[in-house]
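Dumped query.cif below, it's mmCIF, C-alpha atoms and all ligand atoms:
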```
data_model
loop_
_atom_site.label_atom_id
_atom_site.label_comp_id
_atom_site.auth_asym_id
_atom_site.auth_seq_id
_atom_site.Cartn_x
_atom_site.Cartn_y
_atom_site.Cartn_z
CA MET R 1 107.98 138.40 74.09
CA GLN R 2 106.80 137.45 77.59
CA SER R 3 106.98 133.98 79.16
CA LEU R 4 103.70 132.07 79.38
CA GLN R 5 105.20 129.33 81.55
CA PRO R 6 103.71 130.54 84.87
CA PHE R 7 100.30 131.19 83.30
CA HIS R 8 99.37 127.63 82.35
CA THR R 9 99.48 124.41 84.38
CA PHE R 10 101.41 122.31 81.82
CA HIS R 11 104.24 124.81 82.49
CA ILE R 12 105.70 124.40 79.00
CA GLN R 13 108.35 126.98 78.12
CA VAL R 14 106.59 129.18 75.60
CA SER R 15 106.13 132.91 75.20
CA ALA R 16 103.50 135.31 73.94
CA HIS R 17 103.90 138.61 72.16
CA LYS R 18 102.11 140.28 75.11
CA ILE R 19 100.31 139.15 78.29
CA ILE R 20 97.78 141.47 79.92
CA GLU R 21 95.76 140.83 83.07
CA VAL R 22 92.40 142.59 82.98
CA THR R 23 90.38 143.49 86.06
CA ASN R 24 87.32 145.16 84.55
CA ILE R 25 85.17 144.92 81.44
CA GLU R 26 86.22 148.30 79.99
CA GLN R 27 89.89 147.29 80.15
CA LEU R 28 89.00 143.95 78.56
CA LYS R 29 87.19 145.64 75.65
CA GLN R 30 90.01 148.13 75.14
CA THR R 31 92.75 145.48 75.20
CA TRP R 32 90.83 143.39 72.71
CA SER R 33 90.24 146.28 70.31
CA GLU R 34 93.88 147.45 70.49
CA ALA R 35 95.05 143.94 69.56
CA ASN R 36 92.45 143.87 66.79
CA THR R 37 93.69 147.16 65.37
CA LEU R 38 97.22 145.73 65.25
CA HIS R 39 95.84 142.53 63.60
CA LEU R 40 97.24 140.45 66.46
CA PRO R 41 95.50 137.22 67.45
CA VAL R 42 93.95 137.24 70.94
CA LEU R 43 93.76 134.37 73.40
CA PHE R 44 91.68 134.48 76.58
CA LEU R 45 93.09 132.66 79.54
CA GLY R 46 91.75 131.90 82.99
CA GLN R 47 94.31 129.83 84.86
CA GLY R 48 95.52 127.91 81.81
CA SER R 49 94.60 124.55 83.35
CA ASN R 50 93.09 123.07 80.19
CA MET R 51 95.66 124.25 77.67
CA LEU R 52 98.55 122.82 75.69
CA PHE R 53 100.78 125.38 73.99
CA LEU R 54 102.52 123.82 70.99
CA GLU R 55 104.78 126.81 70.28
CA ASP R 56 105.15 130.53 71.03
CA PHE R 57 101.91 132.48 70.65
CA ASN R 58 102.24 135.41 68.23
CA GLY R 59 99.53 137.48 69.82
CA VAL R 60 98.05 139.02 72.95
CA VAL R 61 97.02 136.82 75.87
CA ILE R 62 94.26 138.41 77.94
CA ILE R 63 94.12 136.98 81.43
CA ASN R 64 90.76 137.20 83.12
CA ARG R 65 90.96 138.71 86.60
CA LEU R 66 87.41 140.05 86.88
CA LEU R 67 86.74 139.58 90.59
CA GLY R 68 83.76 139.81 92.94
CA ILE R 69 80.93 137.67 94.29
CA THR R 70 77.44 138.75 95.31
CA HIS R 71 74.89 136.68 97.20
CA LYS R 72 71.09 136.73 97.32
CA GLU R 73 68.61 134.23 98.66
CA ASP R 74 64.94 133.37 98.85
CA ALA R 75 63.12 130.70 100.84
CA HIS R 76 64.45 127.86 98.71
CA PHE R 77 67.72 128.89 97.06
CA HIS R 78 71.01 130.74 97.43
CA TYR R 79 71.92 132.74 94.31
CA LEU R 80 75.57 133.60 93.64
CA HIS R 81 76.70 136.03 90.97
CA VAL R 82 80.41 135.32 90.45
CA ASN R 83 82.71 137.34 88.22
CA ALA R 84 84.64 135.21 85.76
CA GLY R 85 88.16 135.63 87.20
CA GLU R 86 87.33 134.20 90.64
CA ASN R 87 89.16 130.97 91.49
CA TRP R 88 86.80 127.98 91.23
CA HIS R 89 88.14 125.94 94.16
CA GLN R 90 88.21 128.97 96.47
CA LEU R 91 84.60 129.65 95.49
CA VAL R 92 83.65 126.05 96.39
CA ALA R 93 85.45 126.27 99.77
CA TRP R 94 83.98 129.71 100.56
CA SER R 95 80.41 128.67 99.67
CA LEU R 96 80.63 125.72 102.08
CA GLU R 97 82.03 127.94 104.84
CA GLN R 98 78.98 130.21 104.35
CA GLY R 99 76.68 127.20 104.82
CA MET R 100 75.72 126.95 101.14
CA ASN R 101 76.02 123.32 100.12
CA GLY R 102 76.09 121.77 96.67
CA LEU R 103 79.48 122.43 95.09
CA GLU R 104 81.46 120.03 97.34
CA ASN R 105 81.90 117.27 94.70
CA LEU R 106 83.57 119.84 92.43
CA ALA R 107 86.32 120.70 94.95
CA LEU R 108 89.93 121.12 93.84
CA ILE R 109 89.21 121.53 90.12
CA PRO R 110 91.74 124.14 88.99
CA GLY R 111 90.71 127.15 86.96
CA CYS R 112 88.51 130.21 87.02
CA ALA R 113 84.79 130.31 87.72
CA GLY R 114 84.23 131.85 84.28
CA SER R 115 85.87 128.87 82.58
CA ALA R 116 83.66 126.31 84.35
CA PRO R 117 80.79 126.54 81.81
CA ILE R 118 83.08 126.15 78.79
CA GLN R 119 83.62 122.42 79.14
CA ASN R 120 80.89 122.05 81.80
CA ILE R 121 83.40 120.90 84.42
CA GLY R 122 82.51 117.69 86.16
CA ALA R 123 83.70 115.29 88.83
CA TYR R 124 82.36 112.70 91.26
CA GLY R 125 78.87 112.48 89.76
CA VAL R 126 78.23 116.23 89.50
CA GLU R 127 78.60 118.77 86.69
CA PHE R 128 78.64 122.56 86.57
CA LYS R 129 75.29 122.49 84.72
CA ASP R 130 73.60 121.08 87.86
CA PHE R 131 74.04 124.49 89.58
CA CYS R 132 74.20 126.86 86.62
CA HIS R 133 71.52 129.58 86.67
CA TYR R 134 72.99 131.75 83.90
CA VAL R 135 76.20 132.78 82.15
CA ASP R 136 76.95 136.42 81.25
CA VAL R 137 78.73 136.90 77.93
CA LEU R 138 80.31 139.87 76.18
CA ASN R 139 80.10 140.13 72.39
CA LEU R 140 83.49 141.66 71.60
CA GLU R 141 82.54 143.00 68.15
CA SER R 142 79.40 144.84 69.25
CA GLY R 143 80.30 145.46 72.91
CA GLU R 144 76.90 144.02 73.88
CA LEU R 145 76.62 142.11 77.17
CA PHE R 146 73.98 139.37 77.24
CA ARG R 147 72.82 136.60 79.55
CA LEU R 148 72.31 132.95 78.60
CA SER R 149 70.10 130.71 80.70
CA SER R 150 71.44 127.32 81.69
CA ALA R 151 69.33 125.68 78.93
CA GLU R 152 70.75 128.08 76.34
CA CYS R 153 74.29 126.96 77.27
CA GLU R 154 73.51 123.53 75.72
CA PHE R 155 75.61 121.68 78.27
CA GLY R 156 76.77 118.13 77.60
CA TYR R 157 79.64 115.93 78.77
CA ARG R 158 82.66 118.32 78.56
CA GLU R 159 80.61 120.30 76.07
CA SER R 160 78.71 123.59 75.78
CA VAL R 161 77.75 126.37 73.39
CA PHE R 162 81.04 128.07 74.36
CA LYS R 163 82.94 125.43 72.37
CA GLN R 164 80.61 125.96 69.42
CA ARG R 165 78.57 129.04 68.53
CA TYR R 166 80.13 131.34 71.13
CA GLN R 167 83.72 130.16 70.78
CA HIS R 168 85.08 133.08 68.76
CA GLY R 169 84.46 136.75 69.46
CA TYR R 170 82.80 136.23 72.83
CA VAL R 171 84.06 136.21 76.39
CA ILE R 172 82.40 135.04 79.59
CA THR R 173 82.30 137.82 82.17
CA ALA R 174 80.32 136.21 85.03
CA ILE R 175 78.33 133.15 86.05
CA GLY R 176 75.20 132.76 88.13
CA LEU R 177 74.82 129.77 90.44
CA LYS R 178 71.66 128.51 92.10
CA LEU R 179 72.18 126.32 95.19
CA ALA R 180 69.18 124.60 96.77
CA LYS R 181 68.73 125.09 100.52
CA ASN R 182 67.20 121.62 100.62
CA TRP R 183 70.57 119.93 100.04
CA HIS R 184 70.91 116.33 98.85
CA PRO R 185 74.37 114.74 98.88
CA VAL R 186 75.55 113.07 95.65
CA LEU R 187 77.28 109.87 96.74
CA LYS R 188 77.25 107.71 93.64
CA TYR R 189 80.94 107.82 92.67
CA GLY R 190 83.92 105.80 94.01
CA SER R 191 84.51 105.86 97.75
CA LEU R 192 81.70 108.43 98.26
CA VAL R 193 79.24 105.50 98.20
CA ASN R 194 80.55 104.51 101.66
CA PHE R 195 79.01 107.60 103.31
CA ASP R 196 75.60 107.39 104.99
CA PRO R 197 73.36 109.84 103.06
CA ASN R 198 71.38 110.57 106.25
CA THR R 199 74.33 111.78 108.31
CA VAL R 200 77.03 112.89 105.86
CA THR R 201 77.95 116.58 105.76
CA ALA R 202 79.00 118.58 102.70
CA LYS R 203 82.34 119.24 104.40
CA GLN R 204 82.99 115.49 104.72
CA ILE R 205 82.33 115.06 100.99
CA PHE R 206 84.58 118.05 100.20
CA ASP R 207 87.40 116.55 102.32
CA GLU R 208 87.03 113.09 100.74
CA VAL R 209 86.98 114.50 97.19
CA CYS R 210 90.15 116.50 97.98
CA ARG R 211 91.78 113.39 99.45
CA ILE R 212 91.03 111.17 96.41
CA ARG R 213 92.10 113.84 93.95
CA GLN R 214 95.39 114.49 95.77
CA SER R 215 96.14 110.75 95.83
CA LYS R 216 95.71 110.30 92.05
CA LEU R 217 96.21 113.56 90.21
CA PRO R 218 99.62 115.17 89.91
CA ASN R 219 100.09 118.61 91.45
CA PRO R 220 100.83 120.89 88.46
CA ASP R 221 103.50 122.67 90.51
CA GLU R 222 105.40 119.37 90.69
CA PHE R 223 104.63 117.91 87.25
CA GLY R 224 102.93 120.21 84.77
CA ASN R 225 99.66 118.79 83.42
CA ALA R 226 96.15 119.77 82.35
CA GLY R 227 94.12 117.09 84.14
CA SER R 228 92.54 114.39 81.98
CA PHE R 229 94.23 114.71 78.61
CA PHE R 230 91.51 112.80 76.74
CA LYS R 231 87.73 112.65 77.13
CA ASN R 232 86.13 109.42 78.21
CA PRO R 233 84.90 107.88 74.93
CA VAL R 234 81.28 106.99 74.33
CA VAL R 235 80.78 103.86 72.20
CA THR R 236 77.80 101.94 70.83
CA ALA R 237 76.43 98.89 72.67
CA GLU R 238 77.86 96.71 69.85
CA GLN R 239 81.36 98.19 70.22
CA PHE R 240 81.14 97.72 73.97
CA ALA R 241 80.23 94.02 73.53
CA GLU R 242 83.38 93.59 71.38
CA ILE R 243 85.55 95.27 74.02
CA GLN R 244 84.11 93.02 76.73
CA LYS R 245 85.40 90.04 74.77
CA LEU R 246 88.95 91.43 75.14
CA ALA R 247 88.94 92.09 78.88
CA GLU R 248 86.96 91.33 82.01
CA ASN R 249 85.42 93.94 84.30
CA VAL R 250 85.61 96.82 81.84
CA PRO R 251 84.64 99.97 83.81
CA HIS R 252 81.65 101.43 81.99
CA PHE R 253 78.76 103.84 82.41
CA PRO R 254 75.56 103.12 80.42
CA GLN R 255 74.05 106.28 78.88
CA VAL R 256 70.34 107.02 78.49
CA ASP R 257 70.44 106.55 74.70
CA GLY R 258 71.84 102.99 74.97
CA SER R 259 75.45 104.00 74.28
CA VAL R 260 78.18 103.29 76.83
CA LYS R 261 80.82 105.61 78.27
CA LEU R 262 84.21 103.95 78.86
CA ALA R 263 87.09 105.03 81.11
CA ALA R 264 89.89 106.29 78.85
CA GLY R 265 92.35 105.94 81.77
CA TRP R 266 91.51 102.25 82.04
CA LEU R 267 91.95 101.72 78.27
CA ILE R 268 95.38 103.40 78.38
CA ASP R 269 96.34 101.46 81.50
CA GLN R 270 95.37 98.15 79.79
CA CYS R 271 97.93 99.02 77.09
CA HIS R 272 100.58 99.13 79.88
CA LEU R 273 101.43 102.74 79.14
CA LYS R 274 101.68 104.09 82.70
CA GLY R 275 105.07 105.80 82.99
CA PHE R 276 105.66 105.62 79.21
CA GLN R 277 107.73 108.63 78.13
CA ILE R 278 108.52 110.46 74.89
CA GLY R 279 110.99 113.33 75.18
CA GLY R 280 110.09 115.15 78.40
CA ALA R 281 106.41 114.08 78.37
CA ALA R 282 105.11 111.00 80.18
CA VAL R 283 101.92 109.11 81.06
CA HIS R 284 101.30 109.69 84.79
CA GLU R 285 102.09 106.62 86.93
CA LYS R 286 99.00 106.92 89.15
CA GLN R 287 96.39 107.98 86.57
CA ALA R 288 96.97 107.00 82.95
CA LEU R 289 94.53 109.61 81.62
CA VAL R 290 96.88 112.39 82.69
CA LEU R 291 99.91 113.28 80.55
CA ILE R 292 102.61 115.13 82.45
CA ASN R 293 105.47 117.48 81.77
CA LYS R 294 108.06 115.29 83.44
CA GLU R 295 111.30 116.93 82.34
CA ASN R 296 111.15 120.19 80.39
CA ALA R 297 108.71 118.78 77.86
CA THR R 298 107.94 120.73 74.72
CA GLY R 299 104.43 120.95 73.33
CA GLN R 300 105.60 118.69 70.50
CA ASP R 301 106.74 116.02 73.03
CA VAL R 302 103.22 115.99 74.46
CA VAL R 303 101.72 115.81 70.95
CA ARG R 304 103.96 112.86 70.04
CA LEU R 305 103.06 111.08 73.27
CA ALA R 306 99.33 111.73 72.77
CA HIS R 307 99.60 110.40 69.21
CA TYR R 308 101.28 107.22 70.47
CA VAL R 309 98.70 106.70 73.24
CA ARG R 310 95.79 107.24 70.84
CA LYS R 311 97.26 104.89 68.24
CA THR R 312 98.03 102.14 70.80
CA VAL R 313 94.54 102.28 72.34
CA ALA R 314 92.93 102.25 68.87
CA GLU R 315 94.97 99.21 67.83
CA LYS R 316 93.97 97.26 70.95
CA PHE R 317 90.35 98.37 71.42
CA GLY R 318 89.27 100.01 68.17
CA VAL R 319 88.47 103.24 70.05
CA PHE R 320 89.99 106.57 68.99
CA LEU R 321 90.49 108.89 71.97
CA GLN R 322 89.73 112.59 71.58
CA PRO R 323 91.66 115.22 73.52
CA GLU R 324 89.86 117.16 76.22
CA VAL R 325 92.73 119.67 76.43
CA ARG R 326 92.69 122.69 74.09
CA PHE R 327 95.71 123.01 71.73
CA ILE R 328 97.13 126.46 71.00
CA GLY R 329 99.44 127.16 68.05
CA ALA R 330 101.24 130.35 66.98
CA ASN R 331 98.04 132.10 65.87
CA GLY R 332 95.39 130.55 68.08
CA GLU R 333 93.56 127.34 68.76
CA ILE R 334 94.17 124.39 66.46
CA GLU R 335 92.17 121.19 65.99
CA SER R 336 93.52 118.91 68.69
CA GLU R 337 92.34 115.61 67.25
CA LYS R 338 93.92 116.38 63.89
CA ALA R 339 97.19 117.36 65.60
CA ILE R 340 97.55 113.90 67.18
CA SER R 341 96.18 111.80 64.30
P1 LIG S 401 91.84 127.92 80.71
O1 LIG S 401 92.63 126.66 80.58
O2 LIG S 401 92.60 129.17 80.98
O3 LIG S 401 90.95 128.11 79.40
C1 LIG S 401 90.21 127.05 78.87
C2 LIG S 401 89.54 127.51 77.55
O4 LIG S 401 88.58 128.52 77.84
C3 LIG S 401 90.49 128.14 76.56
O5 LIG S 401 90.05 127.82 75.26
C4 LIG S 401 90.37 129.64 76.81
O6 LIG S 401 90.71 130.41 75.68
C5 LIG S 401 88.91 129.75 77.16
N1 LIG S 401 88.57 130.81 78.12
C6 LIG S 401 89.15 131.04 79.33
N2 LIG S 401 88.50 132.00 79.98
C7 LIG S 401 87.49 132.40 79.18
C8 LIG S 401 86.46 133.37 79.31
N3 LIG S 401 86.31 134.12 80.40
N4 LIG S 401 85.56 133.50 78.28
C9 LIG S 401 85.67 132.73 77.17
N5 LIG S 401 86.63 131.81 77.00
C10 LIG S 401 87.53 131.66 77.99
N6 LIG S 401 88.18 119.55 84.48
C11 LIG S 401 87.02 118.92 84.82
O7 LIG S 401 85.98 119.13 84.18
N7 LIG S 401 86.97 118.06 85.87
C12 LIG S 401 88.04 117.78 86.63
O8 LIG S 401 87.96 116.99 87.57
C13 LIG S 401 89.28 118.42 86.30
N8 LIG S 401 90.40 118.15 87.01
C14 LIG S 401 91.57 118.76 86.67
C15 LIG S 401 92.72 118.48 87.44
C16 LIG S 401 93.93 119.09 87.14
C17 LIG S 401 95.16 118.75 87.98
C18 LIG S 401 94.01 120.01 86.06
C19 LIG S 401 95.31 120.69 85.75
C20 LIG S 401 92.89 120.28 85.28
C21 LIG S 401 91.66 119.66 85.58
N9 LIG S 401 90.49 119.90 84.83
C22 LIG S 401 89.31 119.30 85.19
C23 LIG S 401 90.53 120.83 83.67
C24 LIG S 401 90.38 122.32 84.07
O9 LIG S 401 90.50 122.47 85.46
C25 LIG S 401 89.04 122.89 83.63
O10 LIG S 401 88.89 122.77 82.23
C26 LIG S 401 88.90 124.38 84.01
O11 LIG S 401 87.56 124.79 83.89
C27 LIG S 401 89.79 125.29 83.16
O12 LIG S 401 89.76 126.59 83.73
P2 LIG S 401 90.86 127.67 83.38
O13 LIG S 401 90.45 128.95 83.99
O14 LIG S 401 92.21 127.18 83.75
O15 LIG S 401 90.70 127.73 81.81
N1 LIG S 402 91.43 103.64 85.73
C1 LIG S 402 92.38 102.66 85.57
N2 LIG S 402 93.69 103.06 85.39
C2 LIG S 402 94.05 104.37 85.35
C3 LIG S 402 93.06 105.36 85.48
C4 LIG S 402 91.73 104.97 85.67
O1 LIG S 402 92.09 101.47 85.59
O2 LIG S 402 95.24 104.64 85.17
C5 LIG S 402 90.03 103.22 85.97
C6 LIG S 402 89.63 103.50 87.43
O3 LIG S 402 89.99 102.43 88.28
C7 LIG S 402 88.13 103.68 87.32
C8 LIG S 402 87.96 104.31 85.94
O4 LIG S 402 89.15 104.02 85.20
O5 LIG S 402 87.50 102.42 87.29
C9 LIG S 402 87.73 105.82 86.01
O6 LIG S 402 88.84 106.45 86.65
P1 LIG S 402 88.69 107.76 87.58
O7 LIG S 402 87.65 107.53 88.62
O8 LIG S 402 90.05 108.15 88.06
O9 LIG S 402 88.10 108.86 86.63
P2 LIG S 402 88.39 109.24 85.11
O10 LIG S 402 87.30 108.70 84.26
O11 LIG S 402 89.79 108.88 84.73
C10 LIG S 402 86.98 111.43 85.17
C11 LIG S 402 87.14 112.84 84.69
C12 LIG S 402 87.96 113.62 85.70
C13 LIG S 402 87.22 113.62 87.03
C14 LIG S 402 87.07 112.18 87.50
C15 LIG S 402 86.26 112.06 88.77
C16 LIG S 402 87.06 112.84 82.27
C17 LIG S 402 87.85 112.93 81.00
N3 LIG S 402 87.79 112.86 83.40
O12 LIG S 402 88.28 110.83 85.18
O13 LIG S 402 88.07 114.96 85.23
O14 LIG S 402 87.93 114.35 88.01
O15 LIG S 402 86.38 111.41 86.46
O16 LIG S 402 84.92 112.26 88.51
O17 LIG S 402 85.84 112.77 82.24
C18 LIG S 402 89.41 116.38 83.85
O18 LIG S 402 88.40 116.49 83.12
O19 LIG S 402 90.47 116.99 83.62
C19 LIG S 402 89.33 115.50 85.02
C20 LIG S 402 90.37 115.27 85.83
#
```
Let me see the structure of the file written as structure tokens.
Amino acid sequence: MQSLQPFHTFHIQVSAHKIIEVTNIEQLKQTWSEANTLHLPVLFLGQGSNMLFLEDFNGVVIINRLLGITHKEDAHFHYLHVNAGENWHQLVAWSLEQGMNGLENLALIPGCAGSAPIQNIGAYGVEFKDFCHYVDVLNLESGELFRLSSAECEFGYRESVFKQRYQHGYVITAIGLKLAKNWHPVLKYGSLVNFDPNTVTAKQIFDEVCRIRQSKLPNPDEFGNAGSFFKNPVVTAEQFAEIQKLAENVPHFPQVDGSVKLAAGWLIDQCHLKGFQIGGAAVHEKQALVLINKENATGQDVVRLAHYVRKTVAEKFGVFLQPEVRFIGANGEIESEKAIS
């Protein structure tokens, strides 16, 4: 068994039968088929920043280290082809240094570039889908490589085809990004609204996003975590009206279909759960949506805490939170909502 602790940001002490870092597609295919022959389960990992391991994993963990970036341009766009193992934040920083603007609102999101499409990463009013040109995918059974257009990825809020149809038996090998030369800053979220859209630079937005994130989100090297533990829930207009009767100034984001997105962190905070701890797992003091590994937490500590948070929020607001984080058991992914019900 090999320790998985350094390979995921919750830093829970768990092991895997075998951990293999792959640097090219042939090696990836071979590692997968060897594990298959031995009937061992396989788990793909980027930087493990959206994972909760509940116990030791009885299989082979394949860590994506496919590296390389190529750049092309025409009169209107920059086109980046980025292999899946590249670090997302370094890609954002590098693109800005090269004078290609657009990704600045997505600064400091941990993880690999190839993982970005899976939950359509998003922050500060921008999502991965806004720049996605294509995603390259390998069918592990047939060995066939194919390309999905952005539309074919069926992106939604923390959602894509990679959590549905292409979840099992497929691996993302590269992404294509399309960045407009005619850049428009996105300044609709939080303190970004204070910038003047006529004079602001992408670097200023990048710096401000990094500043806000560092002030609220725990550094995984200090307290293990996987970012927002739950998704922000979307409720009907009727449910929202009921919640407004319980509290004033409910943060909310009306959706095009009339539904309303709520802030899960605010709901948890209203239940006075900041700092609440079960075993070694705790609700982060500065951002209630983040559960942290405070003191040698086990996966089960985090599950128990998530169960308590979900139950408490449901009792107060009638809203059942769904995990954003992916739960991994001994033989692979398990249904996260069921695990905390
Ligand atoms: P992993 O956690 O390694 O994997 C995630 C899932 O994808 C797993 O199911 C894995 O099996 C699968 N997978 C990994 N690589 C591949 C591949 N190549 N092909 C197919 N499947 C694969 N997310 C946001 O959207 N917005 C944020 O603002 C944000 N902030 C965060 C802040 C912190 C401090 C942390 C710790 C996390 C945050 N996250 C955020 C979550 C996380 O950064 C993203 O989900 C990220 O895209 C995960 O990348 P990863 O490489 O670590 O993926
Ligand atoms: N809030 C509280 N108390 C808290 C936390 C939040 O009252 O403890 C309130 C805030 O004051 C604000 C609202 O809730 O009014 C939203 O909070 P915040 O701006 O911190 O964002 P969030 O909804 O908690 C989402 C994403 C983050 C992303 C940020 C910035 C989800 C699940 N989370 O968090 O993504 O970085 O917006 O855009 O959508 C992640 O997915 O892992 C992640 C960190």
Might you pull out every residue within 9 Å of R:Leu289, with all atoms listed in the file counted and same-chain residues fewer than 4 positions away left off, and present them as a PyMOL selection string?
-> chain R and resi 227-231+263-269+283-284
Within 12 Å of (79.9, 133.1, 90.1), in the coordinates the file gives, what residues turn up when you count all atoms listed in the file, written out as number ranges by chain?
-> R: 66-72, 78-92, 94-95, 103, 112-117, 128, 131-136, 172-179
Any idea what the distance is between atom CA of R:Phe53 and atom O6 of ligand LIG 401 (chain S)?
-> 11.4 Å
Return the single residue from R:Tyr308, R:Gln2, R:Phe240, R:Gly329 that is closest to R:Pro41, with distances computed using all atoms listed in the file.
->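 Once distances to R:Pro41 are computed over all atoms listed in the file, the minimum belongs to R:Gly329.
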Within 9 Å of ligand LIG 402 (chain S), which residues show up when you count all atoms listed in the file? List them as a PyMOL selection string, please.
-> chain R and resi 49-50+105-106+109+119+121-126+157-158+189-190+209+212-213+216-217+226-233+250-252+262-270+273-274+284-290+323-325
Residues at most 12 Å from R:Glu333, counting all atoms listed in the file, excluding those fewer than 6 positions away in the same chain, as a ChimeraX atom specification?
-> /R:41-44,51-55,57-59,163,167-168,325-327,339
Have a look at atom O6 of ligand LIG 401 (chain S) and atom CA of R:Asn101 and let me know their distance in Å, one decimal.
->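 Pair atom O6 of ligand LIG 401 (chain S) / atom CA of R:Asn101 returns 29.4 Å.
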Closest atom pairs, residues of stretch 224-284 of chain R within 8 Å of stretch 298-307 of chain R, only C-alpha atoms, as a Markdown table:
```
| residue | atom | partner | partner_atom | distance |
| --- | --- | --- | --- | --- |
| R:Gln277 | CA | R:Leu305 | CA | 7.2 |
| R:Ile278 | CA | R:Leu305 | CA | 5.7 |
| R:Gly279 | CA | R:Asp301 | CA | 5.5 |
| R:Gly280 | CA | R:Asp301 | CA | 6.4 |
| R:Ala281 | CA | R:Val302 | CA | 5.4 |
| R:Ala282 | CA | R:Leu305 | CA | 7.2 |
```
From R:Ser336, R:Ser191, R:Thr236, R:Asn24, residue lying nearest R:Gly318 [only C-alpha atoms] =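 When distances to R:Gly318 are compared using only C-alpha atoms, the smallest one comes from R:Thr236.
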Find the residues around R:Thr31 up to 9 Å (only C-alpha atoms counted), leave out those fewer than 2 positions away in its own chain, and share them as a VMD selection string.
-> chain R and resid 20 22 26 to 29 33 to 36 60 62
Computed interatomic separation between atom CA of R:Ser15 and atom O2 of ligand LIG 401 (chain S) (Å) =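 Computed distance, atom CA of R:Ser15 to atom O2 of ligand LIG 401 (chain S), equals 15.2 Å.
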Considering only C-alpha atoms, return as a PDB file with C-alpha atoms, in the frame of the given file whatever protein or nucleic-acid residues lie within 7 Å of R:Phe155, sequence-local ones (same chain, fewer than 2 positions apart) excluded.
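What ended up in around-v3.pdb:
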```
ATOM      1  CA  ASN R 120      80.890 122.050  81.800  1.00  0.00           C
ATOM      2  CA  LYS R 129      75.290 122.490  84.720  1.00  0.00           C
ATOM      3  CA  CYS R 153      74.290 126.960  77.270  1.00  0.00           C
ATOM      4  CA  GLU R 159      80.610 120.300  76.070  1.00  0.00           C
ATOM      5  CA  SER R 160      78.710 123.590  75.780  1.00  0.00           C
TER       6      SER R 160
END
```
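Compared by their closest atoms to ligand LIG 401 (chain S), and using all atoms listed in the file, the residues R:Phe77, R:Trp32, R:Trp183, R:Tyr166 rank with R:Tyr166 nearest.
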Determine, counting only C-alpha atoms, every residue of protein, DNA or RNA that lies within 9 Å of (78.0, 105.1, 71.6) in the file coordinates, then give the result as a PyMOL selection string.
-> chain R and resi 233-240+255+257-261
Name the residues in contact with R:Asn139 at a cut-off of 7 Å, using all atoms listed in the file, excluding same-chain residues fewer than 4 positions from it; report them as a list in words.
-> Gly143, Glu144, Leu145, Gly169, Tyr170 and Val171 of chain R
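Nearest to ligand LIG 401 (chain S) of all the residues R:Gly102, R:Pro110, R:Pro197, R:Pro185 is R:Pro110, counting all atoms listed in the file.
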Choose the residue, out of R:Lys245, R:His76, R:Lys338, R:His8, that has the smallest atom-to-atom separation from ligand LIG 401 (chain S); count all atoms listed in the file.
-> R:His8
Find the residue from R:Asn198, R:Asn64, R:Asn249, R:Gln5 that sits nearest to R:Ile25; use all atoms listed in the file when measuring.
->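 So, comparing all the options, the nearest one is R:Asn64.
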Could you work out an axis-aligned box for stretch 93-100 of chain R, taking every atom the file lists and adding 4 Å on each side, and report centre and edge lengths in Å to one decimal, as JSON?
```
{"center_x": 80.6, "center_y": 128.0, "center_z": 102.3, "size_x": 17.7, "size_y": 12.5, "size_z": 13.2}
```
